[in-house]
$ cat run_18.cif   # mmCIF, C-alpha atoms
data_query
loop_
_atom_site.group_PDB
_atom_site.id
_atom_site.type_symbol
_atom_site.label_atom_id
_atom_site.label_comp_id
_atom_site.auth_asym_id
_atom_site.auth_seq_id
_atom_site.Cartn_x
_atom_site.Cartn_y
_atom_site.Cartn_z
ATOM 1 C CA MET A 278 108.689 206.585 35.689
ATOM 2 C CA TRP A 279 110.578 209.271 37.573
ATOM 3 C CA TYR A 280 111.388 212.955 37.446
ATOM 4 C CA LEU A 281 113.800 215.315 39.182
ATOM 5 C CA ALA A 282 112.379 217.718 41.718
ATOM 6 C CA PRO A 283 114.103 220.076 44.161
ATOM 7 C CA LEU A 284 113.288 219.698 47.826
ATOM 8 C CA SER A 285 111.980 222.937 49.326
ATOM 9 C CA ASN A 286 114.564 224.788 51.439
ATOM 10 C CA ALA A 287 117.169 222.160 50.558
ATOM 11 C CA VAL A 288 120.141 221.974 48.238
ATOM 12 C CA THR A 289 119.832 218.212 47.650
ATOM 13 C CA ILE A 290 118.021 217.110 44.528
ATOM 14 C CA ALA A 291 115.552 214.259 44.968
ATOM 15 C CA CYS A 292 113.684 212.011 42.606
ATOM 16 C CA THR A 293 110.155 210.757 42.916
ATOM 17 C CA THR A 294 109.507 207.188 41.802
ATOM 18 C CA PHE A 295 106.010 205.936 41.018
ATOM 19 C CA HIS A 296 104.300 202.564 41.141
ATOM 20 C CA ILE A 297 100.734 201.859 40.042
ATOM 21 C CA VAL A 298 99.146 199.048 42.036
ATOM 22 C CA PRO A 299 97.513 196.309 39.941
ATOM 23 C CA GLU A 300 94.156 194.839 40.933
ATOM 24 C CA GLN A 301 94.253 193.068 44.314
ATOM 25 C CA THR A 302 92.004 190.239 45.462
ATOM 26 C CA THR A 303 92.210 191.361 49.090
ATOM 27 C CA PRO A 304 93.551 194.500 50.808
ATOM 28 C CA ILE A 305 97.175 194.293 51.920
ATOM 29 C CA ARG A 306 99.206 196.517 54.218
ATOM 30 C CA LEU A 307 101.457 198.879 52.235
ATOM 31 C CA GLN A 308 104.469 197.924 54.328
ATOM 32 C CA GLU A 309 104.057 194.313 53.138
ATOM 33 C CA TYR A 310 102.950 195.007 49.559
ATOM 34 C CA GLY A 311 105.778 197.459 48.965
ATOM 35 C CA VAL A 312 108.627 194.992 49.504
ATOM 36 C CA GLY A 313 110.564 194.843 46.243
ATOM 37 C CA ILE A 314 108.681 197.449 44.191
ATOM 38 C CA PHE A 315 111.429 200.040 44.691
ATOM 39 C CA ASP A 316 115.130 199.100 44.646
ATOM 40 C CA SER A 317 115.920 201.460 47.498
ATOM 41 C CA VAL A 318 113.279 199.997 49.848
ATOM 42 C CA PRO A 319 113.852 196.223 49.714
ATOM 43 C CA THR A 320 112.538 195.115 53.126
ATOM 44 C CA LYS A 321 109.682 195.689 55.572
ATOM 45 C CA SER A 322 112.024 197.467 57.981
ATOM 46 C CA ALA A 323 113.186 199.784 55.196
ATOM 47 C CA TRP A 324 109.551 200.570 54.396
ATOM 48 C CA LYS A 325 108.887 201.396 58.028
ATOM 49 C CA LYS A 326 111.728 203.927 57.939
ATOM 50 C CA VAL A 327 110.571 205.751 54.796
ATOM 51 C CA LEU A 328 106.962 205.735 55.989
ATOM 52 C CA ASN A 329 107.966 207.229 59.336
ATOM 53 C CA LYS A 330 109.873 209.947 57.446
ATOM 54 C CA ASN A 331 106.742 210.820 55.413
ATOM 55 C CA LEU A 332 108.532 209.972 52.149
ATOM 56 C CA VAL A 333 105.671 207.918 50.697
ATOM 57 C CA THR A 334 102.302 209.014 49.355
ATOM 58 C CA VAL A 335 99.363 206.960 48.108
ATOM 59 C CA ASP A 336 97.191 208.920 45.668
ATOM 60 C CA ASP A 337 98.922 212.128 46.866
ATOM 61 C CA THR A 338 98.129 211.417 50.527
ATOM 62 C CA ILE A 339 101.013 210.821 52.930
ATOM 63 C CA ALA A 340 101.068 207.141 53.835
ATOM 64 C CA SER A 341 101.829 205.481 57.156
ATOM 65 C CA THR A 342 102.455 201.997 58.525
ATOM 66 C CA ALA A 343 98.654 201.702 58.886
ATOM 67 C CA THR A 344 97.957 202.305 55.179
ATOM 68 C CA PHE A 345 96.310 199.469 53.234
ATOM 69 C CA ILE A 346 96.412 198.927 49.464
ATOM 70 C CA LYS A 347 93.285 197.753 47.603
ATOM 71 C CA GLY A 348 94.345 198.109 43.950
ATOM 72 C CA GLY A 349 94.561 200.960 41.449
ATOM 73 C CA GLU A 350 96.449 203.369 43.728
ATOM 74 C CA THR A 351 99.559 205.285 42.731
ATOM 75 C CA ILE A 352 102.378 204.910 45.229
ATOM 76 C CA SER A 353 105.027 207.641 45.144
ATOM 77 C CA LEU A 354 108.415 207.490 46.852
ATOM 78 C CA LEU A 355 110.552 210.565 47.399
ATOM 79 C CA LYS A 356 114.220 209.759 47.899
ATOM 80 C CA PRO A 357 117.625 211.396 47.561
ATOM 81 C CA LEU A 358 119.063 210.906 44.097
ATOM 82 C CA GLU A 359 121.784 208.277 44.311
ATOM 83 C CA PRO A 360 125.099 208.846 42.559
ATOM 84 C CA LYS A 361 125.260 207.242 39.113
ATOM 85 C CA THR A 362 128.493 205.486 39.966
ATOM 86 C CA ARG A 363 128.250 203.105 42.898
ATOM 87 C CA LYS A 364 130.982 200.790 44.069
ATOM 88 C CA LYS A 365 130.209 197.181 43.188
ATOM 89 C CA LEU A 366 131.171 194.228 45.339
ATOM 90 C CA ILE A 367 133.015 191.657 43.252
ATOM 91 C CA PHE A 368 132.574 188.467 45.250
ATOM 92 C CA GLU A 369 131.945 185.240 43.380
ATOM 93 C CA LEU A 370 128.975 183.189 44.554
ATOM 94 C CA LYS A 371 127.956 179.682 43.553
ATOM 95 C CA VAL A 372 124.494 179.822 41.970
ATOM 96 C CA ILE A 373 122.669 176.507 42.433
ATOM 97 C CA PHE A 374 119.274 177.402 40.919
ATOM 98 C CA GLU A 375 118.080 180.449 39.020
ATOM 99 C CA ASP A 376 115.168 181.554 36.860
ATOM 100 C CA GLU A 377 113.428 184.854 36.081
ATOM 101 C CA HIS A 378 111.781 185.026 39.516
ATOM 102 C CA LEU A 379 114.195 183.686 42.110
ATOM 103 C CA ALA A 380 117.615 182.225 42.742
ATOM 104 C CA ILE A 381 119.181 179.908 45.307
ATOM 105 C CA ILE A 382 122.862 180.410 46.041
ATOM 106 C CA HIS A 383 125.472 178.800 48.257
ATOM 107 C CA LYS A 384 126.399 181.118 51.106
ATOM 108 C CA PRO A 385 129.977 180.606 52.251
ATOM 109 C CA ALA A 386 131.064 181.091 55.842
ATOM 110 C CA GLY A 387 132.521 184.414 56.922
ATOM 111 C CA ILE A 388 130.158 186.831 55.180
ATOM 112 C CA LEU A 389 126.993 188.587 56.352
ATOM 113 C CA VAL A 390 123.773 188.128 54.410
ATOM 114 C CA SER A 391 122.881 191.815 54.806
ATOM 115 C CA GLY A 392 123.606 194.813 57.001
ATOM 116 C CA ASN A 393 125.604 198.011 57.019
ATOM 117 C CA SER A 394 128.854 196.376 55.887
ATOM 118 C CA PHE A 395 129.889 196.657 52.239
ATOM 119 C CA LYS A 396 130.862 192.977 52.043
ATOM 120 C CA THR A 397 127.467 191.272 52.202
ATOM 121 C CA ILE A 398 125.664 188.658 50.135
ATOM 122 C CA THR A 399 123.045 191.283 49.294
ATOM 123 C CA ASN A 400 125.647 193.547 47.699
ATOM 124 C CA ALA A 401 127.239 190.641 45.815
ATOM 125 C CA LEU A 402 123.997 189.273 44.329
ATOM 126 C CA PRO A 403 123.587 191.725 41.375
ATOM 127 C CA GLN A 404 127.053 190.799 40.094
ATOM 128 C CA ASN A 405 126.310 187.060 40.285
ATOM 129 C CA LEU A 406 122.719 186.743 39.023
ATOM 130 C CA LYS A 407 121.192 187.330 35.603
ATOM 131 C CA PRO A 408 118.859 190.339 35.402
ATOM 132 C CA SER A 409 115.193 189.367 35.322
ATOM 133 C CA SER A 410 113.115 190.383 32.302
ATOM 134 C CA VAL A 411 109.875 190.320 34.331
ATOM 135 C CA ALA A 412 108.076 193.682 34.537
ATOM 136 C CA ASP A 413 108.611 194.180 38.275
ATOM 137 C CA ALA A 414 112.280 193.129 38.267
ATOM 138 C CA THR A 415 114.250 194.640 41.134
ATOM 139 C CA LYS A 416 117.585 194.320 42.865
ATOM 140 C CA PRO A 417 117.767 190.700 44.088
ATOM 141 C CA GLN A 418 117.143 190.331 47.803
ATOM 142 C CA PRO A 419 117.595 187.433 50.268
ATOM 143 C CA VAL A 420 114.241 186.445 51.792
ATOM 144 C CA HIS A 421 115.652 184.778 54.918
ATOM 145 C CA ARG A 422 118.896 184.863 56.854
ATOM 146 C CA LEU A 423 121.834 182.667 57.719
ATOM 147 C CA ASP A 424 124.365 183.482 60.427
ATOM 148 C CA TYR A 425 127.764 184.924 59.520
ATOM 149 C CA ALA A 426 129.500 181.580 60.148
ATOM 150 C CA THR A 427 126.797 179.309 58.675
ATOM 151 C CA THR A 428 127.160 177.819 55.192
ATOM 152 C CA GLY A 429 124.545 176.569 52.751
ATOM 153 C CA LEU A 430 121.463 177.453 50.751
ATOM 154 C CA LEU A 431 120.113 181.001 50.645
ATOM 155 C CA LEU A 432 116.876 181.837 48.814
ATOM 156 C CA THR A 433 116.596 185.194 47.043
ATOM 157 C CA GLY A 434 113.879 186.981 45.071
ATOM 158 C CA LYS A 435 114.587 188.808 41.799
ATOM 159 C CA THR A 436 111.251 190.622 41.390
ATOM 160 C CA GLY A 437 109.001 192.559 43.713
ATOM 161 C CA SER A 438 106.199 190.015 43.455
ATOM 162 C CA SER A 439 108.606 187.126 44.017
ATOM 163 C CA ILE A 440 110.060 188.688 47.156
ATOM 164 C CA ARG A 441 106.553 189.185 48.554
ATOM 165 C CA LYS A 442 105.377 185.670 47.690
ATOM 166 C CA LEU A 443 108.503 183.995 49.077
ATOM 167 C CA ASN A 444 108.190 185.985 52.295
ATOM 168 C CA GLN A 445 104.582 184.794 52.540
ATOM 169 C CA LEU A 446 105.629 181.170 51.989
ATOM 170 C CA PHE A 447 108.033 181.482 54.914
ATOM 171 C CA GLU A 448 105.366 183.082 57.097
ATOM 172 C CA ASP A 449 102.931 180.281 56.186
ATOM 173 C CA LYS A 450 105.629 177.657 56.937
ATOM 174 C CA LYS A 451 105.417 176.294 53.394
ATOM 175 C CA ILE A 452 109.172 176.202 52.864
ATOM 176 C CA GLN A 453 110.879 173.223 54.457
ATOM 177 C CA LYS A 454 114.491 173.699 55.518
ATOM 178 C CA VAL A 455 116.940 170.976 56.543
ATOM 179 C CA TYR A 456 120.265 171.680 58.213
ATOM 180 C CA TYR A 457 123.167 169.473 59.223
ATOM 181 C CA ALA A 458 125.357 170.174 62.235
ATOM 182 C CA VAL A 459 128.200 168.537 64.107
ATOM 183 C CA THR A 460 127.374 168.401 67.819
ATOM 184 C CA ILE A 461 129.435 167.531 70.870
ATOM 185 C CA GLY A 462 128.616 164.808 73.397
ATOM 186 C CA GLU A 463 126.306 161.841 73.753
ATOM 187 C CA MET A 464 122.697 162.522 72.789
ATOM 188 C CA GLU A 465 119.406 160.757 72.098
ATOM 189 C CA LEU A 466 119.086 159.365 68.554
ATOM 190 C CA SER A 467 116.189 161.708 67.809
ATOM 191 C CA GLY A 468 114.103 164.284 69.567
ATOM 192 C CA LYS A 469 112.183 167.544 69.640
ATOM 193 C CA ILE A 470 113.343 170.722 71.392
ATOM 194 C CA THR A 471 110.710 173.298 72.308
ATOM 195 C CA SER A 472 112.446 175.629 74.767
ATOM 196 C CA LYS A 473 111.440 179.263 74.229
ATOM 197 C CA ILE A 474 113.824 181.717 72.583
ATOM 198 C CA ASP A 475 113.604 185.365 73.632
ATOM 199 C CA GLY A 476 110.238 184.544 75.207
ATOM 200 C CA LYS A 477 108.804 183.147 71.960
ATOM 201 C CA ASN A 478 107.652 179.618 71.213
ATOM 202 C CA SER A 479 110.126 177.681 69.100
ATOM 203 C CA GLU A 480 110.511 174.131 67.886
ATOM 204 C CA SER A 481 113.362 172.111 66.371
ATOM 205 C CA HIS A 482 113.468 168.422 65.474
ATOM 206 C CA TYR A 483 116.729 166.484 65.270
ATOM 207 C CA GLU A 484 118.014 163.064 64.195
ATOM 208 C CA VAL A 485 121.497 161.705 64.824
ATOM 209 C CA ILE A 486 122.807 160.258 61.549
ATOM 210 C CA CYS A 487 126.102 158.881 62.885
ATOM 211 C CA SER A 488 128.652 159.443 65.641
ATOM 212 C CA VAL A 489 132.415 159.103 65.992
ATOM 213 C CA THR A 490 134.600 159.078 69.085
ATOM 214 C CA SER A 491 136.910 162.030 69.634
ATOM 215 C CA GLU A 492 139.888 162.252 71.954
ATOM 216 C CA LYS A 493 139.167 165.904 72.707
ATOM 217 C CA TYR A 494 135.360 166.003 72.627
ATOM 218 C CA GLY A 495 134.424 162.465 73.648
ATOM 219 C CA LEU A 496 131.797 162.073 70.937
ATOM 220 C CA LEU A 497 130.974 164.012 67.776
ATOM 221 C CA ASN A 498 127.598 163.577 66.086
ATOM 222 C CA LEU A 499 126.386 164.351 62.594
ATOM 223 C CA VAL A 500 122.868 165.640 63.248
ATOM 224 C CA LYS A 501 120.059 166.335 60.791
ATOM 225 C CA LEU A 502 117.963 169.312 61.883
ATOM 226 C CA ASP A 503 114.426 170.350 60.957
ATOM 227 C CA PRO A 504 113.510 173.749 62.426
ATOM 228 C CA LYS A 505 109.752 174.321 62.607
ATOM 229 C CA THR A 506 110.148 177.975 63.602
ATOM 230 C CA GLY A 507 112.752 180.554 62.615
ATOM 231 C CA ARG A 508 114.013 182.313 65.724
ATOM 232 C CA ARG A 509 117.407 183.998 65.762
ATOM 233 C CA HIS A 510 120.172 181.453 66.467
ATOM 234 C CA GLN A 511 117.438 178.890 67.085
ATOM 235 C CA LEU A 512 119.337 175.720 66.224
ATOM 236 C CA ARG A 513 122.463 176.857 68.036
ATOM 237 C CA LYS A 514 120.537 177.779 71.179
ATOM 238 C CA HIS A 515 118.356 174.674 71.132
ATOM 239 C CA LEU A 516 121.249 172.235 70.806
ATOM 240 C CA ALA A 517 123.215 174.053 73.495
ATOM 241 C CA SER A 518 120.151 173.886 75.769
ATOM 242 C CA ILE A 519 120.219 170.065 75.766
ATOM 243 C CA GLY A 520 123.955 169.963 76.417
ATOM 244 C CA ASN A 521 125.035 169.243 72.837
ATOM 245 C CA PRO A 522 126.386 172.496 71.399
ATOM 246 C CA ILE A 523 127.449 172.763 67.768
ATOM 247 C CA LEU A 524 131.161 172.297 67.160
ATOM 248 C CA GLY A 525 132.827 175.679 66.668
ATOM 249 C CA ASP A 526 130.071 177.714 68.315
ATOM 250 C CA LYS A 527 131.867 180.543 70.117
ATOM 251 C CA ASP A 528 128.640 182.007 71.524
ATOM 252 C CA TYR A 529 126.850 178.938 72.898
ATOM 253 C CA GLY A 530 129.595 176.319 73.143
ATOM 254 C CA LYS A 531 130.989 174.811 76.328
ATOM 255 C CA GLU A 532 133.878 176.626 77.972
ATOM 256 C CA GLY A 533 137.138 174.858 77.132
ATOM 257 C CA PHE A 534 135.559 173.125 74.121
ATOM 258 C CA ILE A 535 135.606 175.998 71.624
ATOM 259 C CA LEU A 536 137.107 175.065 68.264
ATOM 260 C CA MET A 537 139.106 178.080 67.136
ATOM 261 C CA LYS A 538 139.679 179.267 63.557
ATOM 262 C CA LYS A 539 137.736 176.443 61.897
ATOM 263 C CA GLY A 540 134.293 177.996 61.882
ATOM 264 C CA LEU A 541 130.849 176.845 62.898
ATOM 265 C CA TYR A 542 129.831 173.331 61.868
ATOM 266 C CA LEU A 543 126.301 174.266 60.768
ATOM 267 C CA HIS A 544 125.171 173.869 57.159
ATOM 268 C CA ALA A 545 121.859 174.755 55.474
ATOM 269 C CA TYR A 546 121.506 171.596 53.401
ATOM 270 C CA SER A 547 118.145 171.723 51.604
ATOM 271 C CA LEU A 548 115.149 173.870 50.674
ATOM 272 C CA GLU A 549 111.843 172.371 49.547
ATOM 273 C CA PHE A 550 108.810 174.332 48.347
ATOM 274 C CA ILE A 551 106.363 174.875 45.500
ATOM 275 C CA HIS A 552 107.609 177.551 43.120
ATOM 276 C CA PRO A 553 105.106 180.418 43.565
ATOM 277 C CA PHE A 554 104.964 181.201 39.816
ATOM 278 C CA THR A 555 105.674 177.965 37.901
ATOM 279 C CA GLN A 556 104.061 175.674 40.556
ATOM 280 C CA GLU A 557 107.076 173.382 40.151
ATOM 281 C CA HIS A 558 108.031 171.275 43.163
ATOM 282 C CA LEU A 559 111.575 172.288 44.073
ATOM 283 C CA LEU A 560 113.908 170.285 46.283
ATOM 284 C CA ILE A 561 117.333 171.906 46.167
ATOM 285 C CA THR A 562 120.320 170.516 48.088
ATOM 286 C CA ASP A 563 123.823 171.746 48.809
ATOM 287 C CA GLU A 564 126.336 168.982 49.555
ATOM 288 C CA LEU A 565 128.021 168.850 52.948
ATOM 289 C CA PRO A 566 131.235 170.854 53.248
ATOM 290 C CA GLU A 567 134.520 168.958 53.136
ATOM 291 C CA ARG A 568 135.188 169.659 56.808
ATOM 292 C CA PHE A 569 132.079 167.580 57.648
ATOM 293 C CA THR A 570 133.129 164.630 55.482
ATOM 294 C CA LYS A 571 136.630 164.717 56.939
ATOM 295 C CA ILE A 572 135.077 163.778 60.277
ATOM 296 C CA PHE A 573 132.384 161.320 59.161
ATOM 297 C CA GLY A 574 133.342 160.290 55.616
ATOM 298 C CA ASP A 575 130.908 160.437 52.723
ATOM 299 C CA ILE A 576 127.285 160.225 53.834
ATOM 300 C CA ASP A 577 124.816 158.542 51.442
#

$ encode --input "run_18.cif" --output "structure tokens"
Amino acid sequence: MWYLAPLSNAVTIACTTFHIVPEQTTPIRLQEYGVGIFDSVPTKSAWKKVLNKNLVTVDDTIASTATFIKGGETISLLKPLEPKTRKKLIFELKVIFEDEHLAIIHKPAGILVSGNSFKTITNALPQNLKPSSVADATKPQPVHRLDYATTGLLLTGKTGSSIRKLNQLFEDKKIQKVYYAVTIGEMELSGKITSKIDGKNSESHYEVICSVTSEKYGLLNLVKLDPKTGRRHQLRKHLASIGNPILGDKDYGKEGFILMKKGLYLHAYSLEFIHPFTQEHLLITDELPERFTKIFGDID
């Protein structure tokens, strides 16, 4: 439900959008509950911005980042009316799994997941996914991130409740992610890296699947990676910290050993979790890119 209303002392027309909160088992912070209920406020950081601008009310009272939702409230969002015609990003994505609640797509290298740029996965999703018929359907949103140069599986929510539940699964560490990388130099066959990142505890497990000799790099390894935490650039920083940077890593690679114009050899290979609505056990994989198999051959 929405209506048009003029802003006082302003020329711009704004619309107010409403959401009635269903019954809740436990109170939840508005900034967390609100993710996905309005198309224009898809993330926690976006909610923080509109709350700080006093654009949200709960039962006609201005809300803040300290507001909790218990059930039965009416949440109102005041926002500038968007133009009816918006430029759409036509960028074909490979959809690996999709239902009414969520989708898993292959993210290619060379595109941001989100941000201020027009060319992002977020802007391409509506043109690649089927609209959900669920009552709280919203603009599909990625629920985690992959670096610009990283390829592989990206999980997205298609409804407000799905986005919230998937975010919670990540926070509760109930989504298992496996990556593959090509690393440089001799390394132990398996190990655990726990060096802090930006002052925060972090943990990555690795296993060397196979190695090949290289005239330029000495040794290249196909490494299976299991990150237990999700810090920014965690796998790249962790592998560099033990002297085995990822091939093609311009930021953390060894000087004189940077592979130019062929990208970063890091691939998000699998996602495993219990579907939060169907309770189905999902194990979704995305085969290794050809540039990996050119080095190591087909891996069973």

$ atom_distance --input "run_18.cif" --atom1 "CA of Asn331 (chain A)" --atom2 "CA of Thr294 (chain A)"
14.4 Å

$ resolve_selection --input "run_18.cif" --expression "the PyMOL selection byres ((chain A and resi 562-574) around 8)" --output "VMD selection string"
chain A and resid 383 429 to 430 457 459 487 to 489 499 542 544 to 548 560 to 561 575 to 576

$ write_last_selection --input "run_18.cif" --atoms "C-alpha atoms" --output "PDB file, in the frame of the given file"
ATOM      1  CA  HIS A 383     125.472 178.800  48.257  1.00  0.00           C
ATOM      2  CA  GLY A 429     124.545 176.569  52.751  1.00  0.00           C
ATOM      3  CA  LEU A 430     121.463 177.453  50.751  1.00  0.00           C
ATOM      4  CA  TYR A 457     123.167 169.473  59.223  1.00  0.00           C
ATOM      5  CA  VAL A 459     128.200 168.537  64.107  1.00  0.00           C
ATOM      6  CA  CYS A 487     126.102 158.881  62.885  1.00  0.00           C
ATOM      7  CA  SER A 488     128.652 159.443  65.641  1.00  0.00           C
ATOM      8  CA  VAL A 489     132.415 159.103  65.992  1.00  0.00           C
ATOM      9  CA  LEU A 499     126.386 164.351  62.594  1.00  0.00           C
ATOM     10  CA  TYR A 542     129.831 173.331  61.868  1.00  0.00           C
ATOM     11  CA  HIS A 544     125.171 173.869  57.159  1.00  0.00           C
ATOM     12  CA  ALA A 545     121.859 174.755  55.474  1.00  0.00           C
ATOM     13  CA  TYR A 546     121.506 171.596  53.401  1.00  0.00           C
ATOM     14  CA  SER A 547     118.145 171.723  51.604  1.00  0.00           C
ATOM     15  CA  LEU A 548     115.149 173.870  50.674  1.00  0.00           C
ATOM     16  CA  LEU A 560     113.908 170.285  46.283  1.00  0.00           C
ATOM     17  CA  ILE A 561     117.333 171.906  46.167  1.00  0.00           C
ATOM     18  CA  ASP A 575     130.908 160.437  52.723  1.00  0.00           C
ATOM     19  CA  ILE A 576     127.285 160.225  53.834  1.00  0.00           C
TER      20      ILE A 576
END

$ residues_around --input "run_18.cif" --residues "Pro522 (chain A)" --least-positions-apart "5" --cutoff "10 Å" --atoms "all atoms listed in the file" --output "PyMOL selection string"
chain A and resi 458-462+512-517+527-531+534-535

$ closest_residue --input "run_18.cif" --among "A:His296, A:Lys384, A:Lys325, A:Arg441" --to "Ser353 (chain A)" --atoms "all atoms listed in the file"
A:His296

$ atom_distance --input "run_18.cif" --atom1 "CA of Ile382 (chain A)" --atom2 "CA of Glu309 (chain A)"
24.4 Å

$ closest_residue --input "run_18.cif" --among "A:Gly540, A:Gly507, A:Gly313, A:Pro385" --to "Asp413 (chain A)" --atoms "only C-alpha atoms"
A:Gly313

$ resolve_selection --input "run_18.cif" --expression "the PyMOL selection byres ((chain A and resi 378) around 10)" --output "compact mmCIF listing (two decimals) with C-alpha atoms, keeping the file's coordinate frame"
# COMPACT_ATOMS: atom_id res chain seq x y z
CA GLU A 375 118.08 180.45 39.02
CA ASP A 376 115.17 181.55 36.86
CA GLU A 377 113.43 184.85 36.08
CA LEU A 379 114.20 183.69 42.11
CA ALA A 380 117.62 182.22 42.74
CA PRO A 408 118.86 190.34 35.40
CA SER A 409 115.19 189.37 35.32
CA SER A 410 113.12 190.38 32.30
CA VAL A 411 109.88 190.32 34.33
CA ASP A 413 108.61 194.18 38.28
CA ALA A 414 112.28 193.13 38.27
CA PRO A 417 117.77 190.70 44.09
CA THR A 433 116.60 185.19 47.04
CA GLY A 434 113.88 186.98 45.07
CA LYS A 435 114.59 188.81 41.80
CA THR A 436 111.25 190.62 41.39
CA GLY A 437 109.00 192.56 43.71
CA SER A 438 106.20 190.02 43.46
CA SER A 439 108.61 187.13 44.02
CA ILE A 440 110.06 188.69 47.16
CA HIS A 552 107.61 177.55 43.12
CA PRO A 553 105.11 180.42 43.56
CA PHE A 554 104.96 181.20 39.82
CA THR A 555 105.67 177.96 37.90

$ residues_near_point --input "run_18.cif" --point "(96.4, 206.2, 44.5)" --cutoff "10 Å" --atoms "all atoms listed in the file" --output "count of residues only"
16

$ resolve_selection --input "run_18.cif" --expression "the PyMOL selection byres ((chain A and resi 399) around 9)" --output "list of chain:residue names"
A:Leu389, A:Val390, A:Ser391, A:Gly392, A:Lys396, A:Thr397, A:Ile398, A:Asn400, A:Ala401, A:Leu402, A:Pro403, A:Lys416, A:Pro417, A:Gln418, A:Pro419

$ closest_residue --input "run_18.cif" --among "A:His558, A:Arg306, A:Lys473, A:Lys321" --to "His510 (chain A)" --atoms "all atoms listed in the file"
A:Lys473

$ atom_distance --input "run_18.cif" --atom1 "CA of Ile474 (chain A)" --atom2 "CA of Ser518 (chain A)"
10.6 Å

$ closest_residue --input "run_18.cif" --among "A:Thr428, A:Gln308, A:Thr506, A:Thr471" --to "Lys451 (chain A)" --atoms "all atoms listed in the file"
A:Thr506

$ closest_residue --input "run_18.cif" --among "A:Phe447, A:Leu524, A:Leu466, A:Ser479" --to "Ile551 (chain A)" --atoms "all atoms listed in the file"
A:Phe447

$ axis_aligned_box --input "run_18.cif" --around "region 550-566 of chain A" --padding-each-side "4 Å" --output "JSON"
{"center_x": 117.6, "center_y": 175.0, "center_z": 45.6, "size_x": 35.2, "size_y": 20.4, "size_z": 23.3}

$ build_atoms --input "run_18.cif" --residues "region 419-434 of chain A" --atoms "N, CA and C atoms" --output "mmCIF file, in the coordinates of the input"
data_model
loop_
_atom_site.group_PDB
_atom_site.id
_atom_site.type_symbol
_atom_site.label_atom_id
_atom_site.label_comp_id
_atom_site.auth_asym_id
_atom_site.auth_seq_id
_atom_site.Cartn_x
_atom_site.Cartn_y
_atom_site.Cartn_z
ATOM 1 N N PRO A 419 117.824 188.648 49.477
ATOM 2 C CA PRO A 419 117.595 187.433 50.268
ATOM 3 C C PRO A 419 116.254 187.544 50.988
ATOM 4 N N VAL A 420 115.549 186.424 51.124
ATOM 5 C CA VAL A 420 114.241 186.445 51.792
ATOM 6 C C VAL A 420 114.283 185.728 53.144
ATOM 7 N N HIS A 421 115.458 185.292 53.559
ATOM 8 C CA HIS A 421 115.652 184.778 54.918
ATOM 9 C C HIS A 421 117.111 185.008 55.273
ATOM 10 N N ARG A 422 117.531 184.562 56.429
ATOM 11 C CA ARG A 422 118.896 184.863 56.854
ATOM 12 C C ARG A 422 119.630 183.598 57.286
ATOM 13 N N LEU A 423 120.932 183.669 57.162
ATOM 14 C CA LEU A 423 121.834 182.667 57.719
ATOM 15 C C LEU A 423 122.894 183.414 58.508
ATOM 16 N N ASP A 424 123.351 182.829 59.606
ATOM 17 C CA ASP A 424 124.365 183.482 60.427
ATOM 18 C C ASP A 424 125.668 183.664 59.648
ATOM 19 N N TYR A 425 126.465 184.594 60.118
ATOM 20 C CA TYR A 425 127.764 184.924 59.520
ATOM 21 C C TYR A 425 128.606 183.670 59.275
ATOM 22 N N ALA A 426 128.627 182.754 60.236
ATOM 23 C CA ALA A 426 129.500 181.580 60.148
ATOM 24 C C ALA A 426 128.831 180.367 59.518
ATOM 25 N N THR A 427 127.530 180.443 59.232
ATOM 26 C CA THR A 427 126.797 179.309 58.675
ATOM 27 C C THR A 427 126.956 179.251 57.165
ATOM 28 N N THR A 428 127.077 178.024 56.631
ATOM 29 C CA THR A 428 127.160 177.819 55.192
ATOM 30 C C THR A 428 125.836 177.259 54.677
ATOM 31 N N GLY A 429 125.678 177.271 53.338
ATOM 32 C CA GLY A 429 124.545 176.569 52.751
ATOM 33 C C GLY A 429 123.608 177.411 51.915
ATOM 34 N N LEU A 430 122.409 176.892 51.712
ATOM 35 C CA LEU A 430 121.463 177.453 50.751
ATOM 36 C C LEU A 430 120.803 178.732 51.248
ATOM 37 N N LEU A 431 120.771 179.727 50.356
ATOM 38 C CA LEU A 431 120.113 181.001 50.645
ATOM 39 C C LEU A 431 119.178 181.325 49.488
ATOM 40 N N LEU A 432 117.908 181.559 49.811
ATOM 41 C CA LEU A 432 116.876 181.837 48.814
ATOM 42 C C LEU A 432 116.737 183.341 48.613
ATOM 43 N N THR A 433 116.703 183.773 47.354
ATOM 44 C CA THR A 433 116.596 185.194 47.043
ATOM 45 C C THR A 433 115.500 185.421 46.002
ATOM 46 N N GLY A 434 114.872 186.590 46.066
ATOM 47 C CA GLY A 434 113.879 186.981 45.071
ATOM 48 C C GLY A 434 114.477 187.984 44.100
#
